[in-house]
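What follows is upload-v8.cif (mmCIF, C-alpha atoms and all ligand atoms).
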data_model
loop_
_atom_site.label_atom_id
_atom_site.label_comp_id
_atom_site.auth_asym_id
_atom_site.auth_seq_id
_atom_site.Cartn_x
_atom_site.Cartn_y
_atom_site.Cartn_z
CA MET P 30 124.49 80.69 93.94
CA ARG P 31 123.85 82.59 97.17
CA GLY P 32 120.88 82.46 99.51
CA LEU P 33 119.97 83.38 103.08
CA GLN P 34 119.46 80.35 105.25
CA LEU P 35 117.94 79.91 108.69
CA THR P 36 120.01 77.49 110.74
CA ALA P 37 118.07 77.60 114.04
CA TYR P 38 115.26 79.68 115.52
CA GLY P 39 116.38 82.71 117.51
CA GLU P 40 118.00 86.13 117.14
CA ALA P 41 118.46 86.98 113.44
CA ALA P 42 122.11 87.95 113.96
CA ASP P 43 122.85 84.49 115.38
CA VAL P 44 120.80 82.20 113.16
CA VAL P 45 120.72 83.64 109.61
CA ARG P 46 123.65 82.83 107.29
CA LEU P 47 124.60 83.71 103.73
CA VAL P 48 125.28 80.33 102.14
CA ASP P 49 126.09 78.76 98.79
CA VAL P 50 123.17 76.68 97.59
CA PRO P 51 122.83 74.54 94.47
CA ASP P 52 121.54 76.27 91.35
CA PRO P 53 117.85 75.30 90.80
CA GLY P 54 118.67 73.69 87.43
CA ALA P 55 116.50 73.58 84.32
CA PRO P 56 112.72 74.02 84.72
CA GLY P 57 110.54 70.96 84.23
CA PRO P 58 107.01 70.90 82.78
CA GLY P 59 104.91 73.73 84.24
CA GLU P 60 107.92 75.41 85.84
CA VAL P 61 109.99 78.55 85.34
CA VAL P 62 113.27 79.74 86.80
CA LEU P 63 113.26 83.30 88.16
CA ALA P 64 116.24 85.54 88.92
CA VAL P 65 114.94 87.30 92.02
CA GLU P 66 115.11 91.08 91.54
CA ALA P 67 113.51 92.26 94.79
CA SER P 68 112.29 90.50 97.90
CA PRO P 69 111.13 92.26 101.06
CA VAL P 70 111.53 91.37 104.71
CA ASP P 71 107.99 90.78 105.93
CA PRO P 72 106.95 90.47 109.58
CA THR P 73 106.31 86.83 108.60
CA ASP P 74 110.03 86.37 107.87
CA LEU P 75 110.94 87.88 111.23
CA TYR P 76 108.40 85.66 113.04
CA ILE P 77 109.78 82.56 111.26
CA ILE P 78 113.36 83.53 112.18
CA ALA P 79 112.28 83.98 115.81
CA GLY P 80 110.38 80.66 115.74
CA VAL P 81 107.04 82.26 116.64
CA TYR P 82 104.81 81.66 113.63
CA GLY P 83 101.70 79.60 112.90
CA GLU P 84 103.77 77.06 110.97
CA LEU P 85 107.53 76.62 111.12
CA PRO P 86 109.60 75.03 108.34
CA PRO P 87 112.10 72.23 108.96
CA LEU P 88 115.68 73.53 109.31
CA PRO P 89 117.89 74.49 107.63
CA HIS P 90 115.47 76.64 105.66
CA LEU P 91 116.01 79.09 102.81
CA LEU P 92 114.22 82.29 103.80
CA GLY P 93 112.12 84.90 101.98
CA CYS P 94 108.31 84.83 101.82
CA GLU P 95 107.71 86.87 98.66
CA GLY P 96 109.25 88.89 95.88
CA VAL P 97 109.46 89.44 92.14
CA GLY P 98 111.79 87.79 89.67
CA ARG P 99 112.77 87.97 86.03
CA VAL P 100 112.09 84.76 84.07
CA THR P 101 115.39 83.24 82.91
CA ALA P 102 114.12 79.87 81.64
CA VAL P 103 110.71 78.28 81.00
CA GLY P 104 109.64 74.64 81.11
CA PRO P 105 108.75 72.79 77.89
CA ASP P 106 104.98 73.47 78.09
CA VAL P 107 104.99 77.02 79.51
CA GLY P 108 103.56 79.41 76.91
CA HIS P 109 102.23 82.25 79.08
CA LEU P 110 105.64 83.47 80.32
CA LYS P 111 108.85 84.05 78.42
CA PRO P 112 112.44 84.86 79.39
CA GLY P 113 112.69 88.50 80.41
CA ASP P 114 109.17 88.74 81.89
CA LEU P 115 108.91 90.05 85.44
CA THR P 116 106.58 88.01 87.63
CA VAL P 117 105.70 87.32 91.24
CA VAL P 118 107.70 84.79 93.23
CA PRO P 119 104.81 82.70 94.64
CA PRO P 120 104.37 83.40 98.36
CA LEU P 121 106.44 81.18 100.68
CA SER P 122 108.79 80.05 97.87
CA ASN P 123 112.10 81.02 99.55
CA ALA P 124 112.81 84.28 97.73
CA TRP P 125 116.03 85.46 99.47
CA VAL P 126 118.10 83.64 96.85
CA GLU P 127 119.59 84.59 93.50
CA ARG P 128 117.43 82.18 91.50
CA VAL P 129 114.41 80.06 92.31
CA LYS P 130 112.50 77.41 90.35
CA VAL P 131 108.72 77.62 90.81
CA SER P 132 105.48 76.23 89.47
CA ALA P 133 104.24 78.69 86.87
CA PHE P 134 100.64 77.72 86.25
CA TRP P 135 99.03 80.86 87.71
CA LEU P 136 101.94 83.28 87.25
CA ARG P 137 101.52 86.09 84.72
CA PRO P 138 103.83 88.91 83.52
CA LEU P 139 103.70 92.02 85.71
CA PRO P 140 103.36 95.49 84.21
CA ASP P 141 106.39 97.80 84.27
CA GLY P 142 106.75 99.54 87.60
CA ASP P 143 108.92 100.00 90.65
CA VAL P 144 110.21 96.48 91.38
CA ASP P 145 110.58 97.20 95.10
CA GLN P 146 106.89 98.09 95.32
CA LEU P 147 105.88 95.18 93.08
CA SER P 148 107.87 92.81 95.31
CA LEU P 149 105.47 93.63 98.16
CA LEU P 150 102.36 92.54 96.27
CA GLY P 151 102.05 88.92 97.39
CA ILE P 152 101.51 89.19 101.16
CA ASN P 153 100.20 92.55 102.36
CA PRO P 154 98.25 94.00 99.39
CA ALA P 155 96.96 90.49 98.62
CA THR P 156 95.83 90.08 102.23
CA ALA P 157 94.09 93.45 102.09
CA ALA P 158 92.27 92.44 98.89
CA LEU P 159 91.23 89.10 100.37
CA LEU P 160 89.97 90.66 103.60
CA LEU P 161 87.61 92.70 101.45
CA SER P 162 86.32 89.75 99.46
CA GLU P 163 86.43 86.53 101.51
CA PHE P 164 84.01 87.22 104.35
CA VAL P 165 81.02 89.35 103.36
CA THR P 166 79.72 90.57 100.03
CA LEU P 167 80.63 94.23 99.83
CA ASN P 168 78.87 96.58 97.43
CA ALA P 169 79.93 100.01 96.24
CA GLY P 170 79.12 102.54 98.97
CA ASP P 171 79.44 100.06 101.85
CA TRP P 172 81.52 101.06 104.88
CA VAL P 173 84.42 99.00 106.18
CA VAL P 174 86.46 99.77 109.32
CA VAL P 175 90.11 98.72 109.55
CA THR P 176 92.54 99.10 112.47
CA ALA P 177 96.37 99.16 112.38
CA ALA P 178 95.61 101.21 109.31
CA ASN P 179 99.11 102.60 108.87
CA SER P 180 100.46 99.06 108.42
CA ALA P 181 101.33 97.76 104.98
CA VAL P 182 98.03 95.84 105.02
CA GLY P 183 96.06 98.95 106.00
CA ARG P 184 97.81 101.27 103.55
CA SER P 185 97.16 98.75 100.77
CA LEU P 186 93.53 98.31 101.73
CA ILE P 187 92.65 101.99 101.32
CA PRO P 188 93.29 102.21 97.54
CA ILE P 189 91.95 98.69 96.92
CA ALA P 190 88.70 99.56 98.69
CA ARG P 191 88.52 102.84 96.80
CA SER P 192 89.02 101.09 93.45
CA ARG P 193 86.06 98.83 94.35
CA GLY P 194 83.89 101.77 95.50
CA ILE P 195 84.00 100.68 99.15
CA ARG P 196 84.24 103.40 101.80
CA THR P 197 86.77 103.14 104.63
CA VAL P 198 87.01 104.27 108.21
CA THR P 199 90.65 103.69 109.07
CA VAL P 200 91.86 103.62 112.67
CA VAL P 201 95.40 104.48 113.78
CA ARG P 202 97.05 104.76 117.18
CA ARG P 203 98.96 108.00 116.43
CA PRO P 204 97.14 111.30 115.61
CA GLU P 205 99.97 112.48 113.34
CA LEU P 206 98.96 109.79 110.81
CA VAL P 207 95.41 111.09 110.30
CA GLU P 208 96.19 113.55 107.51
CA GLU P 209 98.54 111.09 105.75
CA LEU P 210 95.88 108.37 105.54
CA ARG P 211 93.28 110.90 104.39
CA GLU P 212 95.64 111.79 101.55
CA LEU P 213 95.94 108.08 100.70
CA GLY P 214 92.18 108.10 100.11
CA SER P 215 90.64 106.92 103.38
CA ASP P 216 87.16 108.45 103.70
CA LYS P 217 87.47 108.88 107.46
CA VAL P 218 90.48 108.45 109.76
CA LEU P 219 90.09 108.03 113.52
CA VAL P 220 92.47 107.62 116.41
CA ASP P 221 91.78 104.53 118.54
CA GLY P 222 90.44 105.09 122.04
CA PRO P 223 87.64 104.13 124.42
CA ASP P 224 85.05 106.10 122.35
CA LEU P 225 85.95 104.47 119.05
CA ALA P 226 82.45 103.11 118.36
CA VAL P 227 80.90 106.55 118.89
CA GLY P 228 83.55 108.08 116.63
CA ILE P 229 82.77 105.54 113.91
CA ALA P 230 79.04 106.28 114.11
CA ASP P 231 79.73 110.04 113.92
CA ALA P 232 82.13 109.60 111.01
CA THR P 233 79.70 107.58 108.91
CA GLY P 234 76.56 109.49 109.89
CA GLY P 235 75.29 106.35 111.58
CA ALA P 236 75.59 104.20 108.45
CA GLU P 237 75.77 100.44 108.93
CA ILE P 238 79.32 99.04 109.07
CA ALA P 239 79.47 96.11 106.67
CA LEU P 240 82.75 94.65 107.94
CA ALA P 241 85.34 95.31 110.65
CA LEU P 242 88.95 94.25 110.02
CA ASP P 243 91.08 94.22 113.15
CA GLY P 244 94.88 94.17 113.16
CA VAL P 245 95.26 95.20 116.80
CA GLY P 246 93.30 92.94 119.19
CA GLY P 247 93.15 93.79 122.89
CA GLU P 248 90.43 96.28 123.86
CA THR P 249 90.18 97.47 120.25
CA THR P 250 88.36 94.30 119.20
CA GLN P 251 85.37 94.93 121.48
CA ARG P 252 85.29 98.59 120.44
CA LEU P 253 84.90 97.44 116.84
CA LEU P 254 82.20 94.94 117.79
CA ASP P 255 80.36 97.83 119.49
CA ALA P 256 80.35 99.62 116.11
CA LEU P 257 78.95 96.63 114.21
CA PRO P 258 75.26 95.84 113.71
CA VAL P 259 73.48 92.70 114.88
CA TYR P 260 74.93 89.74 112.92
CA GLY P 261 77.89 91.88 111.85
CA THR P 262 81.28 90.35 111.06
CA LEU P 263 84.72 91.14 112.44
CA VAL P 264 87.87 89.54 111.02
CA LEU P 265 91.12 89.49 112.99
CA TRP P 266 94.13 89.54 110.66
CA SER P 267 96.81 90.51 113.20
CA GLY P 268 97.15 91.18 116.90
CA MET P 269 99.71 94.01 116.90
CA SER P 270 98.85 95.05 120.49
CA GLY P 271 100.11 91.67 121.69
CA GLN P 272 97.03 91.48 123.93
CA PRO P 273 94.27 88.85 123.75
CA ALA P 274 91.30 90.15 121.75
CA ALA P 275 88.82 91.23 124.44
CA VAL P 276 85.34 90.05 123.48
CA SER P 277 82.33 90.30 125.78
CA ALA P 278 80.40 87.01 125.84
CA PRO P 279 77.02 88.71 126.52
CA HIS P 280 77.69 91.13 123.66
CA LEU P 281 78.33 88.28 121.22
CA ILE P 282 75.29 86.38 122.45
CA PHE P 283 72.92 89.34 122.20
CA THR P 284 74.20 90.52 118.81
CA GLY P 285 74.88 87.18 117.09
CA GLN P 286 78.02 88.78 115.65
CA THR P 287 80.73 86.67 114.04
CA VAL P 288 84.42 86.92 114.92
CA ARG P 289 86.70 85.22 112.42
CA GLY P 290 90.43 84.92 111.86
CA PHE P 291 92.25 85.05 108.55
CA TRP P 292 95.70 83.77 107.59
CA ILE P 293 96.78 83.95 103.97
CA VAL P 294 98.99 80.87 104.40
CA ASN P 295 95.96 78.67 105.11
CA TRP P 296 93.95 80.39 102.40
CA LEU P 297 96.62 79.58 99.80
CA LYS P 298 96.40 75.86 100.67
CA VAL P 299 92.75 75.60 99.65
CA PRO P 300 92.47 73.94 96.22
CA GLY P 301 91.67 76.54 93.56
CA ASN P 302 92.96 79.47 95.62
CA PRO P 303 96.42 79.68 93.98
CA GLU P 304 94.61 80.35 90.68
CA ARG P 305 92.42 82.94 92.44
CA PHE P 306 95.60 84.43 93.87
CA GLY P 307 96.80 84.90 90.29
CA LYS P 308 93.65 86.90 89.54
CA ILE P 309 94.25 89.05 92.62
CA CYS P 310 97.77 89.77 91.38
CA GLU P 311 96.25 90.89 88.08
CA GLU P 312 93.92 93.28 89.97
CA LEU P 313 96.65 94.64 92.26
CA ALA P 314 99.66 94.94 89.92
CA PRO P 315 98.23 97.96 88.03
CA LEU P 316 97.38 99.67 91.34
CA ILE P 317 101.01 99.19 92.43
CA ALA P 318 102.50 100.08 89.03
CA SER P 319 100.44 103.31 88.95
CA GLY P 320 101.56 104.23 92.47
CA ALA P 321 98.03 104.03 93.94
CA ILE P 322 99.41 101.40 96.33
CA SER P 323 102.80 102.62 97.54
CA LEU P 324 104.32 101.35 100.77
CA PRO P 325 107.10 103.13 102.67
CA ILE P 326 110.52 101.58 101.93
CA ALA P 327 113.18 101.90 104.64
CA GLY P 328 116.05 100.72 102.44
CA THR P 329 117.33 98.23 99.88
CA TYR P 330 120.17 95.78 100.50
CA GLY P 331 122.27 93.09 98.86
CA LEU P 332 122.02 89.61 100.38
CA GLU P 333 125.50 90.06 101.89
CA GLN P 334 124.15 93.02 103.92
CA TYR P 335 121.62 90.78 105.64
CA ALA P 336 122.66 91.55 109.22
CA GLU P 337 122.03 95.28 108.79
CA ALA P 338 118.93 94.69 106.67
CA LEU P 339 117.30 92.43 109.26
CA ALA P 340 118.15 94.82 112.09
CA VAL P 341 116.50 97.71 110.20
CA ALA P 342 113.46 95.56 109.35
CA ALA P 343 113.00 94.65 113.01
CA ARG P 344 112.38 98.35 113.76
CA TYR P 345 109.18 98.18 111.66
CA GLY P 346 109.84 101.63 110.18
CA GLY P 347 109.07 100.84 106.53
CA LYS P 348 109.89 97.84 104.38
CA VAL P 349 113.40 96.55 103.84
CA VAL P 350 113.93 94.99 100.40
CA PHE P 351 116.71 92.63 99.29
CA HIS P 352 118.14 92.81 95.76
CA PRO P 353 119.64 89.30 95.50
CA ASN P 354 121.16 89.96 92.06
CA GLY P 355 122.27 93.55 92.69
CA ARG P 356 120.35 96.74 92.00
CA PRO P 357 117.76 96.00 89.26
N1 LIG S 401 96.67 87.30 108.55
C1 LIG S 401 97.39 87.36 107.45
O1 LIG S 401 97.24 86.58 106.50
C2 LIG S 401 98.44 88.44 107.37
C3 LIG S 401 98.94 88.85 106.14
C4 LIG S 401 99.85 89.89 106.10
C5 LIG S 401 100.31 90.46 107.29
N2 LIG S 401 99.83 89.98 108.47
C6 LIG S 401 100.29 90.52 109.74
O2 LIG S 401 99.90 91.86 109.83
C7 LIG S 401 100.77 92.51 110.71
C8 LIG S 401 101.20 93.80 110.07
O3 LIG S 401 102.06 93.49 108.98
P1 LIG S 401 102.62 94.65 108.08
O4 LIG S 401 103.63 94.13 107.17
O5 LIG S 401 101.45 95.37 107.51
O6 LIG S 401 103.35 95.51 109.24
P2 LIG S 401 103.88 96.97 109.28
O7 LIG S 401 103.73 97.64 107.96
O8 LIG S 401 105.22 96.94 109.93
O9 LIG S 401 102.86 97.69 110.29
C9 LIG S 401 102.74 97.35 111.62
C10 LIG S 401 101.59 98.21 112.17
O10 LIG S 401 101.27 97.77 113.47
C11 LIG S 401 100.99 98.93 114.25
N3 LIG S 401 101.26 98.61 115.66
C12 LIG S 401 102.43 98.18 116.19
N4 LIG S 401 102.29 97.99 117.50
C13 LIG S 401 101.01 98.33 117.81
C14 LIG S 401 100.24 98.36 119.01
N5 LIG S 401 100.78 98.01 120.18
N6 LIG S 401 98.96 98.74 118.93
C15 LIG S 401 98.41 99.09 117.76
N7 LIG S 401 99.07 99.09 116.59
C16 LIG S 401 100.34 98.71 116.63
C17 LIG S 401 101.92 99.99 113.73
O11 LIG S 401 101.40 101.23 114.08
P3 LIG S 401 102.12 102.62 113.73
O12 LIG S 401 101.81 102.84 112.29
O13 LIG S 401 101.49 103.60 114.63
O14 LIG S 401 103.58 102.43 113.99
C18 LIG S 401 101.90 99.71 112.24
O15 LIG S 401 100.87 100.40 111.60
C19 LIG S 401 101.92 91.55 111.02
O16 LIG S 401 101.65 90.93 112.25
C20 LIG S 401 101.79 90.55 109.90
O17 LIG S 401 102.29 89.28 110.25
C21 LIG S 401 98.90 89.02 108.54
#

Would you mind writing the file's structure down as structure tokens?
Ligand SMILES: NC(=O)c1ccc[n+]([C@@H]2O[C@H](COP(=O)([O-])OP(=O)(O)OC[C@H]3O[C@@H](n4cnc5c(N)ncnc54)[C@H](OP(=O)(O)O)[C@@H]3O)[C@@H](O)[C@H]2O)c1
Amino acid sequence: MRGLQLTAYGEAADVVRLVDVPDPGAPGPGEVVLAVEASPVDPTDLYIIAGVYGELPPLPHLLGCEGVGRVTAVGPDVGHLKPGDLTVVPPLSNAWVERVKVSAFWLRPLPDGDVDQLSLLGINPATAALLLSEFVTLNAGDWVVVTAANSAVGRSLIPIARSRGIRTVTVVRRPELVEELRELGSDKVLVDGPDLAVGIADATGGAEIALALDGVGGETTQRLLDALPVYGTLVLWSGMSGQPAAVSAPHLIFTGQTVRGFWIVNWLKVPGNPERFGKICEELAPLIASGAISLPIAGTYGLEQYAEALAVAARYGGKVVFHPNGRP
């Protein structure tokens, strides 16, 4: 069968190859084989290809961080999935292949829906859901601020927060996105700038901000800290500006605020979290199937079109999705 393999770290055009790889064979106890129907190109894939990620796999490496697949065979003791079910390819399971054998213990059938959208569930919507639940206890009516809000993480977070009754101030860098994010359900949308903290206070009527989620870094991080109360919490989940997160030492000392980082890869390694991840998929799949979470798709491609697909993905203008077994 075919798969996309990374042969060295570098420019995608030079280091990614379409190769023949052995079929995964029959599933053992606790395993299923999935025919991958859709698998996106995430920034994570591009970082791994470039060799600039938090953890790099030994080479050669079969690529593809997430996706959805149709069950083709189940192991002897697997009763909760059957052939024909659509389910998530567990994150970081090498999904840019025709078939993959995975551990099935937390996998569940997905509802009917757009497979391209469902294929995006495991990294960005899941990260958005975890950012809202792993750091502070949020109650209905609480305010959360998120930057890089037009990203797949930000666009997922808006409907997830709404479904939990949490109110959002979303922050973008381009004014033309304000109306679009309002239509997605963000309570308030602001454009980043030196007066961000004042804008947040105006937007919420001075309400306390329960959590700040920063995907930008640079000067934006301190602006968010300025909007947080004493002992408030800010979580960095990306640094899209490419600049070090500017944090004033006196400010942190005098406010006792907490600055944390979050990386879903580490979170998934904690014992018990794969099962919790399964529960998150159960919460998110209906939001995706109903269209409440819908991420812009730039195009869909066969594995053999990988050069074009990776070039389009690198422009970050919507998600690129592979269909390893042809159009579903
Ligand atoms: N920590 C984790 O566990 C975790 C999980 C998932 C994703 N991530 C990371 O989150 C990031 C976004 O991923 P994604 O798939 O959501 O990406 P995406 O959909 O391509 O969105 C990228 C976003 O970054 C914004 N951006 C780009 N350059 C910027 C700059 N200089 N200043 C401010 N904003 C800038 C873009 O703004 P415009 O909309 O204006 O173009 C866009 O909204 C990636 O770095 C990814 O690795 C982290």

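You can rank P:Tyr335, P:Phe283, P:Phe291, P:Phe306 by their closest distance to ligand LIG 401 (chain S) using all atoms listed in the file, and at the top of that list sits P:Phe291.
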
Residues at most 10 Å from Val182 in chain P, counting all atoms listed in the file, excluding those fewer than 5 positions away in the same chain, as a PyMOL selection string? chain P and resi 152-158+160+175-177+187+244+266-267+324

Residues up to 7 Å from ligand LIG 401 (chain S), counting only C-alpha atoms and all ligand atoms: could you list those as a PDB file with C-alpha atoms, keeping the file's coordinate frame?
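Below you can see pocket.pdb, which holds the result:
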ATOM      1  CA  ASP P  71     107.990  90.780 105.930  1.00  0.00           C
ATOM      2  CA  PRO P  72     106.950  90.470 109.580  1.00  0.00           C
ATOM      3  CA  THR P  73     106.310  86.830 108.600  1.00  0.00           C
ATOM      4  CA  ILE P 152     101.510  89.190 101.160  1.00  0.00           C
ATOM      5  CA  ASN P 153     100.200  92.550 102.360  1.00  0.00           C
ATOM      6  CA  THR P 156      95.830  90.080 102.230  1.00  0.00           C
ATOM      7  CA  ALA P 177      96.370  99.160 112.380  1.00  0.00           C
ATOM      8  CA  ALA P 178      95.610 101.210 109.310  1.00  0.00           C
ATOM      9  CA  ASN P 179      99.110 102.600 108.870  1.00  0.00           C
ATOM     10  CA  SER P 180     100.460  99.060 108.420  1.00  0.00           C
ATOM     11  CA  ALA P 181     101.330  97.760 104.980  1.00  0.00           C
ATOM     12  CA  VAL P 182      98.030  95.840 105.020  1.00  0.00           C
ATOM     13  CA  GLY P 183      96.060  98.950 106.000  1.00  0.00           C
ATOM     14  CA  VAL P 201      95.400 104.480 113.780  1.00  0.00           C
ATOM     15  CA  ARG P 202      97.050 104.760 117.180  1.00  0.00           C
ATOM     16  CA  ARG P 203      98.960 108.000 116.430  1.00  0.00           C
ATOM     17  CA  GLY P 244      94.880  94.170 113.160  1.00  0.00           C
ATOM     18  CA  VAL P 245      95.260  95.200 116.800  1.00  0.00           C
ATOM     19  CA  TRP P 266      94.130  89.540 110.660  1.00  0.00           C
ATOM     20  CA  SER P 267      96.810  90.510 113.200  1.00  0.00           C
ATOM     21  CA  GLY P 268      97.150  91.180 116.900  1.00  0.00           C
ATOM     22  CA  MET P 269      99.710  94.010 116.900  1.00  0.00           C
ATOM     23  CA  SER P 270      98.850  95.050 120.490  1.00  0.00           C
ATOM     24  CA  GLY P 271     100.110  91.670 121.690  1.00  0.00           C
ATOM     25  CA  PHE P 291      92.250  85.050 108.550  1.00  0.00           C
ATOM     26  CA  TRP P 292      95.700  83.770 107.590  1.00  0.00           C
ATOM     27  CA  ILE P 293      96.780  83.950 103.970  1.00  0.00           C
ATOM     28  CA  VAL P 294      98.990  80.870 104.400  1.00  0.00           C
ATOM     29  CA  TYR P 345     109.180  98.180 111.660  1.00  0.00           C
ATOM     30  CA  GLY P 346     109.840 101.630 110.180  1.00  0.00           C
ATOM     31  CA  GLY P 347     109.070 100.840 106.530  1.00  0.00           C
TER      32      GLY P 347
END

Contact residues around Arg46 in chain P with only C-alpha atoms at 12 Å, ignoring same-chain residues under 2 positions, as a PDB file with C-alpha atoms, keeping the file's coordinate frame:
ATOM      1  CA  ARG P  31     123.850  82.590  97.170  1.00  0.00           C
ATOM      2  CA  GLY P  32     120.880  82.460  99.510  1.00  0.00           C
ATOM      3  CA  LEU P  33     119.970  83.380 103.080  1.00  0.00           C
ATOM      4  CA  GLN P  34     119.460  80.350 105.250  1.00  0.00           C
ATOM      5  CA  LEU P  35     117.940  79.910 108.690  1.00  0.00           C
ATOM      6  CA  THR P  36     120.010  77.490 110.740  1.00  0.00           C
ATOM      7  CA  ALA P  37     118.070  77.600 114.040  1.00  0.00           C
ATOM      8  CA  GLU P  40     118.000  86.130 117.140  1.00  0.00           C
ATOM      9  CA  ALA P  41     118.460  86.980 113.440  1.00  0.00           C
ATOM     10  CA  ALA P  42     122.110  87.950 113.960  1.00  0.00           C
ATOM     11  CA  ASP P  43     122.850  84.490 115.380  1.00  0.00           C
ATOM     12  CA  VAL P  44     120.800  82.200 113.160  1.00  0.00           C
ATOM     13  CA  VAL P  48     125.280  80.330 102.140  1.00  0.00           C
ATOM     14  CA  ASP P  49     126.090  78.760  98.790  1.00  0.00           C
ATOM     15  CA  VAL P  50     123.170  76.680  97.590  1.00  0.00           C
ATOM     16  CA  ILE P  78     113.360  83.530 112.180  1.00  0.00           C
ATOM     17  CA  PRO P  89     117.890  74.490 107.630  1.00  0.00           C
ATOM     18  CA  HIS P  90     115.470  76.640 105.660  1.00  0.00           C
ATOM     19  CA  LEU P  91     116.010  79.090 102.810  1.00  0.00           C
ATOM     20  CA  LEU P  92     114.220  82.290 103.800  1.00  0.00           C
ATOM     21  CA  TRP P 125     116.030  85.460  99.470  1.00  0.00           C
ATOM     22  CA  VAL P 126     118.100  83.640  96.850  1.00  0.00           C
ATOM     23  CA  LEU P 332     122.020  89.610 100.380  1.00  0.00           C
ATOM     24  CA  GLU P 333     125.500  90.060 101.890  1.00  0.00           C
ATOM     25  CA  GLN P 334     124.150  93.020 103.920  1.00  0.00           C
ATOM     26  CA  TYR P 335     121.620  90.780 105.640  1.00  0.00           C
ATOM     27  CA  ALA P 336     122.660  91.550 109.220  1.00  0.00           C
ATOM     28  CA  LEU P 339     117.300  92.430 109.260  1.00  0.00           C
TER      29      LEU P 339
END

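Distance annotation: of P:Gly142, P:Arg184, P:Val65, P:Ser122, the residue with the minimal separation from Gly93 in chain P is P:Ser122; atom set is only C-alpha atoms.
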
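Closest to Ser132 in chain P among P:Ile189, P:Ile195, P:Val61, P:Leu147 is P:Val61, based on all atoms listed in the file.
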
Gap from CA of Thr329 in chain P to CA of Leu88 in chain P - Å, one decimal: 26.5 Å

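With only C-alpha atoms taken into account, the protein and nucleic acid residues at most 10 Å from Ser319 in chain P (excluding it and anything under 6 positions from it in its own chain) are Pro140, Asp141, Gly142 and Asp143 of chain P.
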
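Considering only C-alpha atoms, the residue among P:Lys217, P:Arg99, P:Lys130, P:Lys308 positioned nearest to Val144 in chain P is P:Arg99.
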
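Taking CA of Ala239 in chain P and CA of Cys310 in chain P as the two end points, the separation is 24.7 Å.
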
Glu212 in chain P surroundings by all atoms listed in the file, 12 Å radius, close-in-sequence under 3 positions cut, as number ranges by chain: P: 184, 187-188, 206-209, 215-218, 321

What's around Pro120 in chain P at 8 Å? Count all atoms listed in the file, leave out sequence neighbours fewer than 4 positions away in its own chain, and write the answer as an NGL selection string. :P and (94-96 or 151-152)

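When CA of Gln251 in chain P is paired with CA of Leu225 in chain P, their separation reads 9.9 Å.
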
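The shortest atom-to-atom distance to Leu161 in chain P, with all atoms listed in the file taken into account, belongs to P:Leu242 out of P:Thr287, P:Leu242, P:Leu121, P:Pro357.
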
Identify which of the residues P:Glu84, P:Asp221, P:Leu240, P:Lys298 lies closest to Asn168 in chain P, counting only C-alpha atoms when measuring atom-to-atom distances. P:Leu240

With the cut-off set at 12 Å and counting all atoms listed in the file, tabulate each residue of range 138-215 of chain P with an atom at most that distance from an atom of range 230-236 of chain P, showing the nearest atom pair and its distance in Å to one decimal, ordered by chain and increasing number, as a tab-separated table.
residue	atom	partner	partner_atom	distance
P:Gly170	CA	P:Ala236	CA	10.3
P:Asp171	CA	P:Ala236	CA	8.7
P:Trp172	CA	P:Ala236	CA	7.6
P:Val173	CA	P:Thr233	CA	10.2
P:Val174	CA	P:Thr233	CA	10.3
P:Arg196	CA	P:Thr233	CA	9.4
P:Thr197	CA	P:Thr233	CA	9.4
P:Val198	CA	P:Ala232	CA	7.8
P:Thr199	CA	P:Ala232	CA	10.5
P:Val200	CA	P:Ala232	CA	11.5
P:Ser215	CA	P:Ala232	CA	11.7

Mind writing range 286-294 of chain P to a file for me, with N, CA and C atoms, as a PDB file, in the first residue's frame?
ATOM      1  N   GLN P 286       0.310  36.423  38.821  1.00  0.00           N
ATOM      2  CA  GLN P 286      -0.334  35.691  37.712  1.00  0.00           C
ATOM      3  C   GLN P 286       0.500  34.481  37.295  1.00  0.00           C
ATOM      4  N   THR P 287      -0.173  33.538  36.651  1.00  0.00           N
ATOM      5  CA  THR P 287       0.475  32.305  36.201  1.00  0.00           C
ATOM      6  C   THR P 287       0.533  32.296  34.683  1.00  0.00           C
ATOM      7  N   VAL P 288       1.704  31.998  34.133  1.00  0.00           N
ATOM      8  CA  VAL P 288       1.852  31.809  32.691  1.00  0.00           C
ATOM      9  C   VAL P 288       2.225  30.351  32.467  1.00  0.00           C
ATOM     10  N   ARG P 289       1.407  29.662  31.718  1.00  0.00           N
ATOM     11  CA  ARG P 289       1.635  28.236  31.464  1.00  0.00           C
ATOM     12  C   ARG P 289       1.757  28.001  29.969  1.00  0.00           C
ATOM     13  N   GLY P 290       2.319  26.840  29.620  1.00  0.00           N
ATOM     14  CA  GLY P 290       2.307  26.402  28.224  1.00  0.00           C
ATOM     15  C   GLY P 290       1.463  25.148  28.118  1.00  0.00           C
ATOM     16  N   PHE P 291       0.992  24.867  26.920  1.00  0.00           N
ATOM     17  CA  PHE P 291       0.233  23.631  26.702  1.00  0.00           C
ATOM     18  C   PHE P 291       0.644  23.031  25.363  1.00  0.00           C
ATOM     19  N   TRP P 292       0.872  21.701  25.381  1.00  0.00           N
ATOM     20  CA  TRP P 292       1.174  20.980  24.144  1.00  0.00           C
ATOM     21  C   TRP P 292       0.416  19.662  24.195  1.00  0.00           C
ATOM     22  N   ILE P 293      -0.477  19.469  23.251  1.00  0.00           N
ATOM     23  CA  ILE P 293      -1.348  18.292  23.294  1.00  0.00           C
ATOM     24  C   ILE P 293      -0.542  16.985  23.251  1.00  0.00           C
ATOM     25  N   VAL P 294       0.626  17.025  22.632  1.00  0.00           N
ATOM     26  CA  VAL P 294       1.451  15.806  22.528  1.00  0.00           C
ATOM     27  C   VAL P 294       1.846  15.323  23.925  1.00  0.00           C
TER      28      VAL P 294
END
